[in-house]
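Below is query_39.cif, which holds mmCIF, C-alpha atoms and all ligand atoms.
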data_model
loop_
_atom_site.label_atom_id
_atom_site.label_comp_id
_atom_site.auth_asym_id
_atom_site.auth_seq_id
_atom_site.Cartn_x
_atom_site.Cartn_y
_atom_site.Cartn_z
CA MET A 231 0.00 0.00 0.00
CA SER A 232 1.41 3.41 -0.97
CA ILE A 233 2.03 6.09 1.63
CA ILE A 234 -0.60 8.28 -0.07
CA THR A 235 -3.21 5.52 0.22
CA LYS A 236 -2.25 4.99 3.86
CA LEU A 237 -2.58 8.69 4.59
CA ALA A 238 -5.94 8.82 2.79
CA ILE A 239 -7.22 5.86 4.84
CA ALA A 240 -5.96 7.41 8.05
CA ALA A 241 -7.62 10.74 7.20
CA SER A 242 -10.97 9.14 6.40
CA LEU A 243 -10.82 6.97 9.50
CA ALA A 244 -10.16 9.99 11.65
CA THR A 245 -13.13 11.83 10.16
CA ALA A 246 -15.45 8.86 10.21
CA LEU A 247 -14.66 7.88 13.74
CA SER A 248 -14.44 11.18 15.54
CA SER A 249 -17.55 11.33 17.70
CA GLY A 250 -17.06 14.81 19.05
CA ALA A 251 -15.36 13.57 22.22
CA MET A 252 -11.55 13.69 22.37
CA ALA A 253 -9.91 10.28 22.19
CA GLN A 254 -8.63 9.32 25.64
CA ASP A 255 -4.85 9.25 25.86
CA LEU A 256 -3.27 5.90 26.66
CA THR A 257 0.31 6.83 25.82
CA GLY A 258 2.77 4.12 26.70
CA LYS A 259 0.14 1.52 27.56
CA VAL A 260 0.61 -1.93 26.09
CA VAL A 261 -2.61 -3.63 24.97
CA GLY A 262 -2.85 -7.16 23.57
CA PHE A 263 -5.54 -7.75 20.93
CA SER A 264 -6.62 -11.31 20.17
CA GLN A 265 -8.49 -11.05 16.88
CA ILE A 266 -10.47 -13.97 15.42
CA GLY A 267 -9.01 -13.79 11.93
CA SER A 268 -10.11 -12.18 8.69
CA GLU A 269 -13.18 -14.15 7.68
CA SER A 270 -15.16 -11.12 6.52
CA GLY A 271 -14.82 -7.58 5.24
CA TRP A 272 -16.29 -6.37 8.50
CA ARG A 273 -13.59 -8.19 10.50
CA ALA A 274 -10.84 -6.63 8.34
CA ALA A 275 -12.32 -3.19 9.03
CA GLU A 276 -12.50 -3.85 12.76
CA THR A 277 -8.79 -4.73 12.70
CA SER A 278 -7.90 -1.56 10.73
CA VAL A 279 -9.97 0.65 13.01
CA THR A 280 -8.47 -0.91 16.13
CA ARG A 281 -4.94 -0.29 14.86
CA GLN A 282 -5.88 3.29 13.97
CA GLN A 283 -7.53 3.95 17.34
CA ALA A 284 -4.49 2.51 19.13
CA GLU A 285 -2.14 4.75 17.15
CA GLU A 286 -4.21 7.86 17.88
CA ARG A 287 -4.10 7.17 21.60
CA GLY A 288 -0.42 6.24 21.82
CA VAL A 289 -1.18 2.57 22.59
CA ASP A 290 1.44 -0.06 21.84
CA LEU A 291 -0.91 -2.67 20.32
CA LYS A 292 0.21 -6.29 20.29
CA PHE A 293 -1.89 -7.95 17.60
CA ALA A 294 -2.52 -11.70 17.40
CA ASP A 295 -4.52 -13.26 14.55
CA ALA A 296 -6.10 -16.53 15.75
CA GLN A 297 -6.99 -17.80 12.27
CA GLN A 298 -10.49 -18.78 13.49
CA LYS A 299 -9.18 -21.06 16.26
CA GLN A 300 -10.12 -20.62 19.90
CA GLU A 301 -7.01 -22.52 20.98
CA ASN A 302 -4.89 -19.84 19.24
CA GLN A 303 -6.81 -17.12 21.06
CA ILE A 304 -6.27 -18.78 24.41
CA LYS A 305 -2.56 -19.19 23.65
CA ALA A 306 -2.30 -15.51 22.62
CA ILE A 307 -4.07 -14.33 25.78
CA ARG A 308 -1.74 -16.45 27.93
CA GLY A 309 1.17 -14.87 26.05
CA PHE A 310 -0.17 -11.37 26.77
CA ILE A 311 -0.51 -12.26 30.45
CA ALA A 312 3.07 -13.56 30.53
CA GLN A 313 4.29 -10.31 28.94
CA GLY A 314 2.46 -8.31 31.61
CA VAL A 315 0.43 -6.15 29.20
CA ASP A 316 -1.71 -3.36 30.68
CA ALA A 317 -4.94 -4.66 29.14
CA ILE A 318 -6.34 -7.21 26.72
CA LEU A 319 -8.93 -6.90 23.95
CA VAL A 320 -10.47 -10.12 22.68
CA ALA A 321 -13.03 -10.84 19.97
CA PRO A 322 -14.10 -14.33 21.08
CA VAL A 323 -14.66 -16.70 18.16
CA VAL A 324 -17.17 -18.86 20.09
CA ALA A 325 -19.14 -18.31 23.28
CA THR A 326 -17.94 -21.18 25.48
CA GLY A 327 -14.58 -22.24 26.90
CA TRP A 328 -13.22 -18.92 28.21
CA GLU A 329 -13.56 -19.25 31.95
CA ASP A 330 -10.05 -20.55 32.72
CA VAL A 331 -8.10 -18.04 30.66
CA LEU A 332 -10.26 -15.11 31.80
CA THR A 333 -9.69 -16.18 35.38
CA GLU A 334 -5.93 -16.20 34.73
CA ALA A 335 -6.14 -12.63 33.37
CA LYS A 336 -8.18 -11.56 36.38
CA GLU A 337 -5.69 -13.12 38.79
CA ALA A 338 -2.91 -11.23 36.99
CA GLU A 339 -5.00 -8.04 37.42
CA ILE A 340 -5.12 -7.43 33.69
CA PRO A 341 -8.46 -5.97 32.56
CA VAL A 342 -10.08 -7.67 29.57
CA VAL A 343 -12.56 -6.00 27.22
CA LEU A 344 -14.60 -8.19 24.86
CA LEU A 345 -15.13 -6.88 21.34
CA ASP A 346 -18.15 -7.63 19.11
CA ARG A 347 -19.00 -11.09 20.49
CA GLY A 348 -20.00 -12.40 23.90
CA VAL A 349 -18.88 -15.27 26.11
CA ASP A 350 -20.67 -17.70 28.39
CA ALA A 351 -18.60 -16.85 31.48
CA PRO A 352 -19.22 -14.97 34.73
CA GLU A 353 -19.37 -11.21 34.08
CA ASP A 354 -16.82 -10.42 36.78
CA LEU A 355 -14.13 -12.08 34.65
CA TYR A 356 -14.06 -9.19 32.17
CA LEU A 357 -14.13 -5.43 32.60
CA ALA A 358 -16.60 -4.66 29.83
CA SER A 359 -18.04 -5.83 26.53
CA VAL A 360 -18.43 -3.59 23.48
CA ALA A 361 -20.82 -5.18 21.00
CA SER A 362 -24.11 -4.77 19.20
CA ASP A 363 -27.31 -6.32 20.50
CA GLN A 364 -27.22 -9.24 18.07
CA VAL A 365 -30.77 -10.36 18.89
CA VAL A 366 -31.92 -6.87 17.89
CA GLU A 367 -29.95 -7.15 14.63
CA GLY A 368 -31.82 -10.37 13.78
CA ARG A 369 -35.12 -8.76 14.74
CA VAL A 370 -34.46 -5.73 12.53
CA ALA A 371 -33.68 -8.01 9.57
CA GLY A 372 -36.75 -10.18 10.26
CA GLN A 373 -39.07 -7.21 10.68
CA TRP A 374 -37.85 -5.81 7.37
CA LEU A 375 -38.87 -9.07 5.69
CA VAL A 376 -42.25 -9.17 7.44
CA ASP A 377 -42.98 -5.61 6.26
CA THR A 378 -41.62 -6.18 2.76
CA VAL A 379 -43.54 -9.36 1.89
CA ALA A 380 -46.65 -7.88 3.51
CA GLY A 381 -48.53 -11.13 4.09
CA ALA A 382 -47.41 -12.99 0.94
CA ASP A 383 -46.08 -16.54 1.38
CA CYS A 384 -42.32 -16.51 1.74
CA LYS A 385 -39.91 -19.44 2.10
CA VAL A 386 -36.63 -18.25 3.62
CA VAL A 387 -33.22 -19.86 3.51
CA GLU A 388 -30.82 -18.86 6.27
CA LEU A 389 -27.03 -18.66 6.13
CA GLN A 390 -25.82 -18.85 9.71
CA GLY A 391 -22.55 -17.50 11.05
CA THR A 392 -19.84 -19.53 12.78
CA VAL A 393 -21.34 -22.37 14.83
CA GLY A 394 -21.24 -21.58 18.56
CA SER A 395 -20.54 -17.86 18.09
CA THR A 396 -22.86 -15.39 19.77
CA PRO A 397 -23.76 -13.54 16.54
CA ALA A 398 -24.86 -16.82 14.93
CA ILE A 399 -26.91 -17.82 17.96
CA ASN A 400 -28.46 -14.41 18.60
CA ARG A 401 -29.09 -13.29 15.02
CA LYS A 402 -30.96 -16.55 14.44
CA GLN A 403 -33.01 -16.02 17.57
CA GLY A 404 -33.85 -12.39 16.76
CA PHE A 405 -34.95 -13.19 13.21
CA GLU A 406 -37.14 -16.07 14.42
CA GLU A 407 -38.72 -13.78 17.00
CA ALA A 408 -39.53 -11.17 14.35
CA ILE A 409 -41.22 -13.63 12.00
CA ALA A 410 -42.95 -15.61 14.77
CA GLY A 411 -46.25 -13.82 14.25
CA ALA A 412 -46.12 -14.07 10.45
CA SER A 413 -47.40 -17.53 9.48
CA ASN A 414 -46.76 -16.64 5.81
CA ILE A 415 -42.98 -16.68 6.44
CA THR A 416 -41.14 -19.95 7.10
CA ILE A 417 -37.46 -20.82 7.36
CA ALA A 418 -37.14 -23.74 4.96
CA ARG A 419 -33.41 -24.35 5.32
CA SER A 420 -30.72 -23.13 7.65
CA GLN A 421 -27.01 -23.96 7.58
CA THR A 422 -23.74 -22.36 8.56
CA GLY A 423 -21.71 -20.45 5.97
CA ASP A 424 -19.10 -19.65 8.62
CA PHE A 425 -19.32 -15.88 7.94
CA THR A 426 -17.30 -16.28 4.71
CA ARG A 427 -18.12 -15.34 1.14
CA SER A 428 -16.98 -18.67 -0.32
CA LYS A 429 -18.96 -20.80 2.14
CA GLY A 430 -21.99 -18.55 1.74
CA LYS A 431 -21.90 -19.18 -2.01
CA GLU A 432 -21.38 -22.93 -1.61
CA VAL A 433 -24.22 -23.36 0.89
CA MET A 434 -26.55 -21.19 -1.20
CA GLU A 435 -25.83 -23.37 -4.24
CA GLY A 436 -27.01 -26.36 -2.18
CA PHE A 437 -30.15 -24.50 -1.07
CA ILE A 438 -30.96 -23.59 -4.68
CA LYS A 439 -30.57 -27.20 -5.83
CA ALA A 440 -32.75 -28.45 -3.01
CA GLU A 441 -35.45 -25.83 -3.59
CA ASN A 442 -36.53 -26.40 -7.17
CA GLY A 443 -33.58 -24.57 -8.74
CA GLY A 444 -34.26 -21.64 -6.42
CA ALA A 445 -37.82 -21.13 -7.72
CA ASP A 446 -39.26 -21.98 -4.30
CA ILE A 447 -37.01 -19.55 -2.39
CA CYS A 448 -38.46 -16.13 -1.62
CA ALA A 449 -35.62 -14.72 0.48
CA VAL A 450 -32.15 -15.41 1.85
CA TYR A 451 -31.29 -14.18 5.33
CA ALA A 452 -27.52 -14.15 5.83
CA HIS A 453 -25.98 -13.50 9.25
CA ASN A 454 -23.39 -11.29 7.53
CA ASP A 455 -22.94 -9.39 4.30
CA ASP A 456 -20.04 -11.48 3.06
CA MET A 457 -22.19 -14.62 3.00
CA ALA A 458 -24.93 -12.57 1.29
CA VAL A 459 -22.47 -11.50 -1.41
CA GLY A 460 -21.53 -15.16 -1.92
CA ALA A 461 -25.24 -16.08 -2.07
CA ILE A 462 -25.88 -13.34 -4.65
CA GLN A 463 -23.27 -14.94 -6.90
CA ALA A 464 -24.90 -18.36 -6.47
CA ILE A 465 -28.32 -16.90 -7.34
CA LYS A 466 -26.92 -15.28 -10.49
CA ASP A 467 -25.13 -18.49 -11.49
CA ALA A 468 -28.50 -20.27 -11.23
CA GLY A 469 -29.97 -17.82 -13.74
CA LEU A 470 -32.08 -15.95 -11.20
CA LYS A 471 -32.11 -12.30 -10.21
CA PRO A 472 -30.91 -11.59 -6.66
CA GLY A 473 -32.89 -8.79 -5.05
CA THR A 474 -35.92 -9.53 -7.24
CA ASP A 475 -36.46 -13.29 -7.67
CA ILE A 476 -34.86 -13.90 -4.28
CA LEU A 477 -34.78 -11.11 -1.69
CA VAL A 478 -31.46 -10.66 0.13
CA VAL A 479 -31.22 -9.35 3.70
CA SER A 480 -28.09 -9.46 5.85
CA ILE A 481 -26.04 -7.76 8.58
CA ASP A 482 -22.84 -5.63 8.75
CA ALA A 483 -23.26 -2.79 6.19
CA VAL A 484 -19.92 -3.36 4.42
CA PRO A 485 -19.17 -1.39 1.21
CA ASP A 486 -19.76 -4.39 -1.08
CA ILE A 487 -23.33 -4.85 0.10
CA PHE A 488 -24.05 -1.20 -0.73
CA THR A 489 -22.73 -1.85 -4.24
CA ALA A 490 -25.15 -4.78 -4.44
CA ILE A 491 -28.03 -2.71 -3.04
CA ALA A 492 -27.29 0.09 -5.54
CA ALA A 493 -27.40 -2.51 -8.34
CA GLY A 494 -30.72 -3.90 -7.06
CA GLU A 495 -29.07 -7.24 -6.18
CA ALA A 496 -29.47 -6.97 -2.39
CA ASN A 497 -32.32 -5.40 -0.47
CA ALA A 498 -31.38 -4.61 3.11
CA THR A 499 -28.55 -4.69 5.61
CA VAL A 500 -28.26 -3.92 9.33
CA GLU A 501 -25.24 -1.85 10.30
CA LEU A 502 -22.58 -3.14 12.68
CA THR A 503 -19.95 -0.49 13.35
CA PRO A 504 -16.35 -1.71 13.04
CA ASN A 505 -15.36 0.80 15.71
CA MET A 506 -15.50 -1.40 18.80
CA ALA A 507 -12.02 -0.32 19.86
CA GLY A 508 -12.87 3.36 20.39
CA PRO A 509 -15.31 2.73 23.25
CA ALA A 510 -13.05 -0.07 24.56
CA PHE A 511 -10.04 2.24 24.80
CA ASP A 512 -12.18 4.96 26.46
CA VAL A 513 -13.23 2.46 29.13
CA LEU A 514 -9.65 1.28 29.61
CA ALA A 515 -8.27 4.82 29.86
CA ALA A 516 -10.64 5.65 32.71
CA TYR A 517 -10.12 2.32 34.44
CA LEU A 518 -6.33 2.41 34.21
CA ALA A 519 -6.24 6.05 35.36
CA ASP A 520 -8.24 5.73 38.56
CA GLY A 521 -10.08 2.40 38.63
CA THR A 522 -13.34 3.80 37.23
CA GLU A 523 -15.66 0.85 36.68
CA PRO A 524 -17.40 1.16 33.30
CA GLU A 525 -20.85 -0.02 32.31
CA LYS A 526 -20.47 -3.75 31.73
CA PHE A 527 -22.22 -3.79 28.36
CA ILE A 528 -21.65 -1.02 25.82
CA ILE A 529 -24.17 -1.57 23.03
CA THR A 530 -23.61 -0.19 19.53
CA GLU A 531 -26.40 0.87 17.16
CA SER A 532 -28.18 -1.51 14.72
CA LYS A 533 -29.51 0.65 11.89
CA LEU A 534 -31.34 -0.73 8.86
CA TYR A 535 -30.27 0.37 5.36
CA THR A 536 -32.20 -0.25 2.14
CA SER A 537 -32.17 1.17 -1.39
CA ALA A 538 -33.94 4.23 0.04
CA ASP A 539 -30.80 5.15 2.00
CA ASP A 540 -28.46 6.37 -0.75
CA PRO A 541 -26.48 3.11 -1.15
CA GLN A 542 -23.88 4.73 -3.42
CA GLY A 543 -23.26 7.43 -0.80
CA GLU A 544 -23.02 4.82 1.95
CA TYR A 545 -20.51 2.89 -0.19
CA ASP A 546 -18.43 6.05 -0.70
CA ARG A 547 -18.47 6.82 3.03
CA ARG A 548 -17.09 3.38 3.88
CA LYS A 549 -14.84 2.40 0.99
CA ASP A 550 -11.58 3.63 2.54
CA LEU A 551 -12.20 2.41 6.08
CA GLY A 552 -10.19 -0.79 5.76
CA TYR A 553 -12.99 -3.21 4.74
O1 LIG A 601 -19.02 -10.75 15.43
C1 LIG A 601 -19.37 -9.95 14.37
C2 LIG A 601 -19.47 -10.74 13.10
O2 LIG A 601 -18.25 -11.40 12.86
C3 LIG A 601 -19.69 -9.93 11.84
O3 LIG A 601 -21.03 -9.68 11.59
C4 LIG A 601 -19.13 -10.85 10.82
O4 LIG A 601 -18.96 -10.28 9.55
C5 LIG A 601 -17.89 -11.22 11.50
O5 LIG A 601 -17.14 -12.13 10.95
#
Would you mind writing the file out in structure tokens?
Amino acid sequence: MSIITKLAIAASLATALSSGAMAQDLTGKVVGFSQIGSESGWRAAETSVTRQQAEERGVDLKFADAQQKQENQIKAIRGFIAQGVDAILVAPVVATGWEDVLTEAKEAEIPVVLLDRGVDAPEDLYLASVASDQVVEGRVAGQWLVDTVAGADCKVVELQGTVGSTPAINRKQGFEEAIAGASNITIARSQTGDFTRSKGKEVMEGFIKAENGGADICAVYAHNDDMAVGAIQAIKDAGLKPGTDILVVSIDAVPDIFTAIAAGEANATVELTPNMAGPAFDVLAAYLADGTEPEKFIITESKLYTSADDPQGEYDRRKDLGY
């Protein structure tokens, strides 16, 4: 990447992320970040934003890419503890299996902040969690479908996220809650696409084969935009029109889904901000300064976008943010 591109990205990040409040200074603090991997455009943006936020605040960020494996995350966290970092950020790939390592961090008096996903562990083992309300995200997507089909029969196929991850569990639950009162809408098939474009395409191809060449499918609900983009390709390959023959609704609001919405090939997305690190660093700055206990759960917004929301403009606003 050229220096000019880097500067342009840094400038747009600074503009896009400034919320009016001054970033809290954490000069000289060492923070370990255990990231899941790079399964989606959204995840890549979260990594870029975290690096940018760290740089702005003078944080020495130690980054560890777990390549989708919980064992790698646990190893990285143990490494951070051994190094005596000031704090740890972790985006937990799955919900279970964290109690031991979080206890070790707590015993070492190293505060941990969870980013974008939750864990099934006692709340006193982490300082705070910065994430969306993923049940709400599923509900917003489901309600959009209920309103859009307006009583017509609609067979849905669902592309789930990573098995055992809180967004997969909660986005499924929220969507089911939203359609519960609409007997015209049924989920015909549901399978994991592991939050990736390639798996989303592959699983959608199977759904199309199993559902009369896709003729019986009214809508695809994907737990993230990357799987939706993969599904759009599968729909096109089957000779059908995504966005018209098969409605497409998903979550994240990455630039590529706005391109698809602008082209009429996707219909709706629910925004998940990639800026989880900003609030996390604010919480850590206050805690490390004087022990201020933050709110345990910091919930980010879940806004719906459709073709009525200037998709080209939304694409332009996001395209340089590291997705
Ligand atoms: O945990 C957030 C989810 O993880 C995003 O929606 C998805 O794109 C990512 O991989």
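Of the residues under consideration (A:Met457, A:Ala338, A:Ala452, A:Ala492), A:Ala452 shows the shortest atom-to-atom contact distance to Glu367 in chain A when counting all atoms listed in the file.
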*Please identify the residues whose atoms come within 8 Å of ligand LIG 601 (chain A), using all atoms listed in the file, and report them as a ChimeraX atom specification.*
/A:268-273,321,323,346-347,391,395-397,425-426,453-456,481-482,502
_One-decimal distance in Å that lies between CA of Gly368 in chain A and CA of Glu388 in chain A_ = 11.4 Å
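CA of Ile438 in chain A to CA of Asn497 in chain A spans 18.7 Å [interatomic distance, one decimal].
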*Skip range 517-533 of chain A itself and residues of its chain fewer than 2 positions away, then list as a list in words all residues within 7 Å of it, counting only C-alpha atoms.*
Leu357, Ala358, Ser359, Val360, Ala361, Ser362, Asp363, Glu367, Val500, Glu501, Leu502, Val513, Leu514, Ala515 and Tyr535 of chain A
_Spatial neighbours of Thr333 in chain A, 12 Å, only C-alpha atoms, chain gap at least 6 places, as a ChimeraX atom specification_ = /A:304,307-308,311,327,339-342,351-357
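The coordinates place CA of Leu291 in chain A at 13.4 Å from CA of Gly508 in chain A.
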